[in-house]
file my_file-v1.txt (compact mmCIF, C-alpha atoms)
# COMPACT_ATOMS: atom_id res chain seq x y z
CA MET A 914 0.00 0.00 0.00
CA LEU A 915 1.24 3.44 -0.91
CA VAL A 916 1.23 5.74 2.11
CA ILE A 917 1.27 9.52 1.64
CA ARG A 918 1.09 12.17 4.37
CA ARG A 919 -1.12 15.15 3.53
CA ARG A 920 -2.40 18.22 5.36
CA ALA A 921 -5.79 19.86 4.96
CA GLY A 922 -5.94 21.69 1.64
CA GLU A 923 -3.49 19.30 -0.03
CA SER A 924 -4.43 16.84 -2.76
CA ILE A 925 -3.34 13.65 -4.42
CA LEU A 926 -3.90 12.80 -8.08
CA ILE A 927 -4.75 9.36 -9.44
CA ALA A 928 -4.10 8.86 -13.14
CA ASP A 929 -5.08 11.84 -15.30
CA ASP A 930 -8.50 12.71 -14.05
CA VAL A 931 -9.06 11.80 -10.39
CA GLU A 932 -8.21 14.25 -7.64
CA ILE A 933 -8.69 13.64 -3.92
CA GLU A 934 -8.36 16.68 -1.70
CA VAL A 935 -8.13 16.62 2.08
CA LEU A 936 -10.69 19.27 3.04
CA GLU A 937 -10.78 19.02 6.81
CA ILE A 938 -9.20 16.97 9.55
CA THR A 939 -10.80 16.47 12.97
CA PRO A 940 -9.65 14.17 15.77
CA THR A 941 -12.02 11.42 14.58
CA ARG A 942 -12.68 12.08 10.89
CA VAL A 943 -11.16 13.23 7.66
CA LYS A 944 -13.31 15.06 5.13
CA LEU A 945 -12.28 14.34 1.54
CA GLY A 946 -13.31 16.01 -1.68
CA ILE A 947 -13.17 13.79 -4.75
CA LYS A 948 -13.15 15.03 -8.32
CA ALA A 949 -13.62 12.24 -10.85
CA PRO A 950 -15.31 11.79 -14.24
CA LYS A 951 -18.93 10.63 -14.05
CA GLU A 952 -18.10 7.18 -15.41
CA ILE A 953 -15.83 6.42 -12.46
CA PRO A 954 -18.00 5.23 -9.59
CA VAL A 955 -16.99 6.58 -6.19
CA LEU A 956 -18.43 4.61 -3.29
CA ARG A 957 -17.92 4.31 0.41
CA LYS A 958 -16.51 0.82 0.96
CA GLU A 959 -19.46 -0.02 3.24
CA VAL A 960 -21.81 0.42 0.27
CA ARG A 961 -19.79 -2.04 -1.84
CA LEU A 962 -19.79 -4.57 1.03
CA THR A 963 -23.57 -4.19 1.29
CA GLU A 964 -24.00 -4.62 -2.48
CA ASP A 965 -22.01 -7.87 -2.30
CA HIS A 966 -23.99 -9.07 0.74
CA ASN A 967 -27.30 -8.25 -1.00
CA ARG A 968 -26.27 -10.16 -4.15
CA MET A 969 -25.47 -13.18 -2.01
CA ALA A 970 -28.75 -12.75 -0.07
CA ALA A 971 -30.69 -12.74 -3.36
CA GLN A 972 -29.57 -16.33 -4.05
CA GLU A 973 -31.72 -19.29 -2.98
CA VAL A 974 -32.49 -19.28 0.76
CA PRO A 975 -32.15 -22.83 2.16
CA LEU A 976 -35.52 -22.89 3.90
CA ASN A 977 -34.64 -26.12 5.69
CA LEU A 978 -31.93 -24.28 7.62
CA LEU A 979 -34.22 -21.62 9.05
CA THR A 980 -35.71 -23.65 11.88
CA PRO A 981 -32.30 -24.51 13.40
CA LEU A 982 -31.38 -20.82 13.10
CA LEU A 983 -34.35 -19.80 15.22
CA TRP A 984 -32.59 -21.29 18.24
CA HIS A 985 -29.75 -18.83 17.86
CA LEU A 986 -31.95 -15.77 17.88
CA ARG A 987 -32.46 -13.93 21.14
CA VAL A 988 -36.20 -13.64 20.59
CA LYS A 989 -37.64 -17.12 20.39
CA PRO A 990 -40.63 -17.79 18.12
CA MET B 1072 -57.14 -7.86 -3.79
CA PRO B 1073 -53.94 -7.82 -5.87
CA GLN B 1074 -51.91 -10.98 -6.23
CA CYS B 1075 -48.24 -11.57 -6.89
CA GLU B 1076 -45.91 -14.39 -7.76
CA THR B 1077 -43.39 -15.08 -5.01
CA ARG B 1078 -40.14 -16.98 -4.91
CA TYR B 1079 -40.96 -19.21 -1.96
CA PHE B 1080 -44.73 -19.02 -1.39
CA ALA B 1081 -46.24 -19.49 -4.89
CA THR B 1082 -48.97 -16.90 -5.55
CA VAL B 1083 -50.09 -14.73 -2.66
CA SER B 1084 -52.83 -12.16 -2.30
CA TYR B 1085 -51.87 -9.01 -0.52
CA ASP B 1086 -53.21 -5.74 0.75
CA ASP B 1087 -51.69 -2.72 -0.97
CA GLN B 1088 -51.36 -1.01 2.43
CA THR B 1089 -48.72 -3.54 3.50
CA VAL B 1090 -46.40 -2.89 0.55
CA ILE B 1091 -43.19 -1.07 1.43
CA THR B 1092 -41.42 1.20 -1.02
CA PHE B 1093 -37.69 1.83 -1.23
CA PRO B 1094 -37.49 5.19 -3.05
CA ALA B 1095 -33.79 4.56 -3.71
CA GLY B 1096 -33.95 0.77 -4.18
CA LEU B 1097 -31.39 -1.38 -2.35
CA PRO B 1098 -27.64 -1.39 -3.01
CA ALA B 1099 -27.06 -3.59 -6.10
CA PHE B 1100 -30.86 -3.73 -6.65
CA GLU B 1101 -31.62 -0.07 -7.25
CA HIS B 1102 -34.29 -0.94 -9.83
CA CYS B 1103 -36.43 -2.82 -7.30
CA ARG B 1104 -38.56 -0.42 -5.28
CA ARG B 1105 -41.69 -2.20 -4.09
CA PHE B 1106 -41.54 -5.13 -1.70
CA LEU B 1107 -44.13 -7.18 0.11
CA PRO B 1108 -43.24 -8.37 3.63
CA VAL B 1109 -44.25 -12.03 3.95
CA GLN B 1110 -44.21 -13.74 7.29
CA ASP B 1111 -45.12 -17.32 7.98
CA ALA B 1112 -46.04 -18.34 11.49
CA ALA B 1113 -43.68 -21.32 11.66
CA ARG B 1114 -40.69 -19.16 10.82
CA ARG B 1115 -41.21 -16.11 13.04
CA PRO B 1116 -39.46 -13.79 13.57
CA PHE B 1117 -38.04 -14.11 10.03
CA ILE B 1118 -39.63 -11.81 7.47
CA PHE B 1119 -39.30 -12.37 3.71
CA LEU B 1120 -39.21 -9.26 1.56
CA GLN B 1121 -40.64 -10.28 -1.79
CA SER B 1122 -40.02 -7.95 -4.73
CA LEU B 1123 -43.21 -7.03 -6.57
CA GLU B 1124 -41.21 -6.18 -9.67
CA ASP B 1125 -39.17 -9.39 -9.87
CA ALA B 1126 -40.77 -12.60 -8.62
CA ARG B 1127 -37.32 -14.24 -8.37
CA LEU B 1128 -36.06 -11.64 -5.92
CA CYS B 1129 -36.83 -12.27 -2.28
CA PHE B 1130 -34.69 -11.30 0.69
CA LEU B 1131 -34.74 -13.07 4.03
CA THR B 1132 -34.61 -10.62 6.93
CA VAL B 1133 -34.91 -10.69 10.69
CA PRO B 1134 -35.62 -7.88 13.16
CA VAL B 1135 -32.27 -6.54 14.32
CA ALA B 1136 -33.47 -6.75 17.93
CA ALA B 1137 -33.61 -10.54 17.58
CA LEU B 1138 -29.87 -10.57 16.88
CA ASP B 1139 -28.72 -7.73 19.10
CA PRO B 1140 -31.23 -6.22 21.56
CA GLY B 1141 -28.80 -3.39 22.30
CA TYR B 1142 -28.34 -2.36 18.65
CA GLN B 1143 -27.75 1.39 18.35
CA LEU B 1144 -29.40 2.71 15.21
CA LYS B 1145 -27.59 5.43 13.32
CA MET B 1146 -28.85 7.02 10.10
CA SER B 1147 -27.56 9.77 7.85
CA PRO B 1148 -29.77 12.85 7.27
CA GLN B 1149 -30.12 11.70 3.66
CA ASP B 1150 -31.43 8.25 4.64
CA LEU B 1151 -33.83 9.84 7.15
CA ALA B 1152 -35.18 12.12 4.42
CA THR B 1153 -35.63 9.14 2.08
CA ILE B 1154 -38.20 7.62 4.46
CA GLY B 1155 -39.83 10.94 5.26
CA LEU B 1156 -38.25 11.72 8.64
CA GLN B 1157 -36.49 14.88 9.71
CA LYS B 1158 -34.77 13.79 12.87
CA PRO B 1159 -33.38 10.54 14.22
CA PRO B 1160 -36.36 8.51 15.37
CA ALA B 1161 -36.73 6.71 18.65
CA ALA B 1162 -36.87 2.98 18.03
CA GLY B 1163 -40.39 1.73 18.50
CA PRO B 1164 -43.41 0.35 16.73
CA ASP B 1165 -43.31 3.23 14.22
CA LEU B 1166 -39.96 2.12 12.97
CA GLN B 1167 -38.99 -1.37 11.87
CA CYS B 1168 -35.32 -2.27 11.74
CA LEU B 1169 -34.49 -5.43 9.74
CA ALA B 1170 -31.22 -7.16 8.94
CA VAL B 1171 -30.76 -8.87 5.56
CA ILE B 1172 -29.56 -12.45 5.88
CA SER B 1173 -27.42 -14.29 3.37
CA PHE B 1174 -26.12 -17.85 3.20
CA ASP B 1175 -22.71 -18.78 1.91
CA ARG B 1176 -22.01 -21.96 -0.08
CA ASP B 1177 -21.61 -23.97 3.12
CA GLY B 1178 -25.03 -22.87 4.37
CA VAL B 1179 -23.55 -20.53 6.98
CA ALA B 1180 -25.86 -17.56 7.58
CA SER B 1181 -24.78 -14.01 8.18
CA ALA B 1182 -26.75 -10.83 8.83
CA ASN B 1183 -25.85 -7.37 7.59
CA LEU B 1184 -25.81 -5.18 10.70
CA LEU B 1185 -23.77 -2.54 8.88
CA ALA B 1186 -26.76 -1.69 6.70
CA PRO B 1187 -30.12 -2.46 8.31
CA ILE B 1188 -33.36 -1.94 6.41
CA ILE B 1189 -35.36 0.78 8.13
CA VAL B 1190 -39.11 0.90 7.50
CA ASN B 1191 -41.15 3.94 8.49
CA ALA B 1192 -44.45 2.30 9.48
CA ALA B 1193 -46.40 5.53 8.98
CA THR B 1194 -45.34 6.18 5.39
CA ARG B 1195 -44.38 2.58 4.42
CA LEU B 1196 -41.18 4.05 3.03
CA ALA B 1197 -37.94 2.13 3.55
CA VAL B 1198 -34.23 2.50 3.07
CA GLN B 1199 -31.25 0.23 3.50
CA ALA B 1200 -29.25 2.59 5.68
CA VAL B 1201 -25.54 1.92 5.20
CA ARG B 1202 -23.73 3.15 8.32
CA ASP B 1203 -20.62 5.24 7.99
CA ASP B 1204 -18.91 3.88 11.08
CA SER B 1205 -17.35 0.51 11.72
CA VAL B 1206 -19.27 -0.39 14.86
CA TYR B 1207 -21.21 -3.22 13.19
CA HIS B 1208 -20.19 -5.76 10.56
CA CYS B 1209 -21.84 -6.57 7.25
CA SER B 1210 -21.45 -10.31 7.86
CA HIS B 1211 -22.57 -10.77 11.43
CA PRO B 1212 -22.63 -14.55 12.01
CA LEU B 1213 -25.98 -16.04 13.02
CA THR B 1214 -24.40 -19.26 14.14
CA PRO B 1215 -20.96 -20.01 15.46
CA ALA B 1216 -18.99 -21.43 12.51
CA ALA B 1217 -18.42 -24.76 14.25
CA GLU B 1218 -22.15 -25.36 14.65
CA ALA B 1219 -23.10 -24.67 11.06
CA THR B 1220 -25.11 -27.52 9.62
CA PRO B 1221 -24.21 -28.74 6.15
CA CYS B 1222 -26.81 -28.25 3.46
CA SER B 1223 -28.13 -31.69 2.59
call {"tool": "encode", "arguments": {"input": "my_file-v1.txt", "output": "C-alpha cells"}}
result
Amino acid sequence: MLVIRRRAGESILIADDVEIEVLEITPTRVKLGIKAPKEIPVLRKEVRLTEDHNRMAAQEVPLNLLTPLLWHLRVKP
Amino acid sequence: MPQCETRYFATVSYDDQTVITFPAGLPAFEHCRRFLPVQDAARRPFIFLQSLEDARLCFLTVPVAALDPGYQLKMSPQDLATIGLQKPPAAGPDLQCLAVISFDRDGVASANLLAPIIVNAATRLAVQAVRDDSVYHCSHPLTPAAEATPCS
C-alpha cells in the first residue's frame, strides 16, 4: 500500500483525471473532496460490502436451515 | 385484492397497504422499489421481503433486535429524508429495523448489521441505511462457525 502524508488543503492525483483533496481533519474524521469523471463510480466501501452481501442474499435461501437458526436468535418464536 | 408471484410461497394475495417502497432501491438492486413483507407463522421472527417487480427476488430478513437487543441505530440525514423523517427517530413500533440475511455456499448464515433496512411504518417508506462507522459488521454470524449444519 502506498502511504502519503497530507495536510488539509493538499491533494493527491490518481491517473489523469481523479483528484482527492483533504478538506478538513478532525480528531475522529477526515473530510475528503473527490473530483472524478462521471463514469468512475466513487463509493464508500461499506456500500460495496452491502452490495455484495445483497447479491449473495438474493440467491436461494435454504428454507430447511431456518428452523435450526431460530434457536440462535435472542427472541424465540 | 392484488396478487403476486413469489419466490418461496407461490402466488399470494396481498393488501396494498402492507407494501413497502424503497425510493432509492437497495444497493445492487436499485431498480427494485416495491416489496411485500411475507411472514409465515412457523418461521417467526423471520420476514421475507418479496419484490413485486421481480418474482425471483426475495430477501430473508430478521428484526435486528432478535440478533442484538442493544443495537444502536444510526442514520444519515439523507437516509432519514428518504423515508420521510427529519430527525433521528426513537426505536419503537413506528420504525422497523431489519437485517438482511445471506447464506454462503456452506449454508452458513450471516446478517448485515452494517446496513439495516429501516421501515417507516407511517409512510411505508424504507431505506437500506448503510452506516458510515465501523461499529457493526456486514457479515454478522448467526451461528458459530463450528455449529453450522451442512446443506443436505
call {"tool": "residues_near_point", "arguments": {"input": "my_file-v1.txt", "point": "(-12.3, 5.5, -7.2)", "cutoff": "12 Å", "atoms": "only C-alpha atoms", "output": "CSV table (one decimal) with C-alpha atoms, in the coordinates of the input"}}
result
chain,number,residue,atom,x,y,z
A,926,LEU,CA,-3.9,12.8,-8.1
A,927,ILE,CA,-4.8,9.4,-9.4
A,928,ALA,CA,-4.1,8.9,-13.1
A,930,ASP,CA,-8.5,12.7,-14.0
A,931,VAL,CA,-9.1,11.8,-10.4
A,932,GLU,CA,-8.2,14.2,-7.6
A,933,ILE,CA,-8.7,13.6,-3.9
A,946,GLY,CA,-13.3,16.0,-1.7
A,947,ILE,CA,-13.2,13.8,-4.8
A,948,LYS,CA,-13.2,15.0,-8.3
A,949,ALA,CA,-13.6,12.2,-10.8
A,950,PRO,CA,-15.3,11.8,-14.2
A,951,LYS,CA,-18.9,10.6,-14.0
A,952,GLU,CA,-18.1,7.2,-15.4
A,953,ILE,CA,-15.8,6.4,-12.5
A,954,PRO,CA,-18.0,5.2,-9.6
A,955,VAL,CA,-17.0,6.6,-6.2
A,956,LEU,CA,-18.4,4.6,-3.3
A,957,ARG,CA,-17.9,4.3,0.4
A,958,LYS,CA,-16.5,0.8,1.0
A,961,ARG,CA,-19.8,-2.0,-1.8
call {"tool": "interface_residues", "arguments": {"input": "my_file-v1.txt", "of": "chain A", "to": "chain B", "cutoff": "10 Å", "atoms": "all atoms listed in the file", "output": "count of residues only"}}
result
34
call {"tool": "residues_near_point", "arguments": {"input": "my_file-v1.txt", "point": "(-54.2, -7.5, -3.9)", "cutoff": "12 Å", "atoms": "all atoms listed in the file", "output": "VMD selection string"}}
result
chain B and resid 1072 to 1076 1082 to 1090 1107 1123
call {"tool": "residues_around", "arguments": {"input": "my_file-v1.txt", "residues": "Lys1158 (chain B)", "least_positions_apart": "5", "cutoff": "9 Å", "atoms": "only C-alpha atoms", "output": "PyMOL selection string"}}
result
chain B and resi 1148+1151-1152
call {"tool": "closest_residue", "arguments": {"input": "my_file-v1.txt", "among": "B:Thr1077, B:Ala1197, B:Thr1092, B:Pro1212", "to": "Ala1126 (chain B)", "atoms": "only C-alpha atoms"}}
result
B:Thr1077
call {"tool": "atom_distance", "arguments": {"input": "my_file-v1.txt", "atom1": "CA of Ser1147 (chain B)", "atom2": "CA of Pro1094 (chain B)"}}
result
15.4 Å
call {"tool": "atom_distance", "arguments": {"input": "my_file-v1.txt", "atom1": "CA of Phe1093 (chain B)", "atom2": "CA of Tyr1142 (chain B)"}}
result
22.4 Å
call {"tool": "atom_distance", "arguments": {"input": "my_file-v1.txt", "atom1": "CA of Gly1155 (chain B)", "atom2": "CA of His1211 (chain B)"}}
result
28.4 Å
call {"tool": "residues_around", "arguments": {"input": "my_file-v1.txt", "residues": "Gly922 (chain A)", "least_positions_apart": "3", "cutoff": "9 Å", "atoms": "all atoms listed in the file", "output": "ChimeraX atom specification"}}
result
/A:919,934-937
call {"tool": "decode", "arguments": {"input": "my_file-v1.txt", "residues": "region 950-978 of chain A", "atoms": "C-alpha atoms", "output": "PDB file, in the first residue's frame"}}
result
ATOM      1  CA  PRO A 950     -15.306  11.785 -14.236  1.00  0.00           C
ATOM      2  CA  LYS A 951     -18.929  10.628 -14.050  1.00  0.00           C
ATOM      3  CA  GLU A 952     -18.100   7.184 -15.414  1.00  0.00           C
ATOM      4  CA  ILE A 953     -15.831   6.423 -12.457  1.00  0.00           C
ATOM      5  CA  PRO A 954     -18.003   5.225  -9.589  1.00  0.00           C
ATOM      6  CA  VAL A 955     -16.993   6.581  -6.191  1.00  0.00           C
ATOM      7  CA  LEU A 956     -18.425   4.606  -3.291  1.00  0.00           C
ATOM      8  CA  ARG A 957     -17.916   4.306   0.411  1.00  0.00           C
ATOM      9  CA  LYS A 958     -16.511   0.817   0.962  1.00  0.00           C
ATOM     10  CA  GLU A 959     -19.459  -0.023   3.238  1.00  0.00           C
ATOM     11  CA  VAL A 960     -21.813   0.418   0.270  1.00  0.00           C
ATOM     12  CA  ARG A 961     -19.791  -2.041  -1.836  1.00  0.00           C
ATOM     13  CA  LEU A 962     -19.794  -4.566   1.035  1.00  0.00           C
ATOM     14  CA  THR A 963     -23.575  -4.192   1.293  1.00  0.00           C
ATOM     15  CA  GLU A 964     -23.999  -4.624  -2.481  1.00  0.00           C
ATOM     16  CA  ASP A 965     -22.008  -7.866  -2.295  1.00  0.00           C
ATOM     17  CA  HIS A 966     -23.989  -9.074   0.736  1.00  0.00           C
ATOM     18  CA  ASN A 967     -27.298  -8.248  -1.003  1.00  0.00           C
ATOM     19  CA  ARG A 968     -26.271 -10.159  -4.149  1.00  0.00           C
ATOM     20  CA  MET A 969     -25.466 -13.178  -2.005  1.00  0.00           C
ATOM     21  CA  ALA A 970     -28.746 -12.752  -0.070  1.00  0.00           C
ATOM     22  CA  ALA A 971     -30.685 -12.741  -3.364  1.00  0.00           C
ATOM     23  CA  GLN A 972     -29.573 -16.334  -4.047  1.00  0.00           C
ATOM     24  CA  GLU A 973     -31.719 -19.292  -2.981  1.00  0.00           C
ATOM     25  CA  VAL A 974     -32.486 -19.284   0.755  1.00  0.00           C
ATOM     26  CA  PRO A 975     -32.145 -22.825   2.156  1.00  0.00           C
ATOM     27  CA  LEU A 976     -35.522 -22.888   3.899  1.00  0.00           C
ATOM     28  CA  ASN A 977     -34.645 -26.119   5.691  1.00  0.00           C
ATOM     29  CA  LEU A 978     -31.925 -24.283   7.618  1.00  0.00           C
TER      30      LEU A 978
END
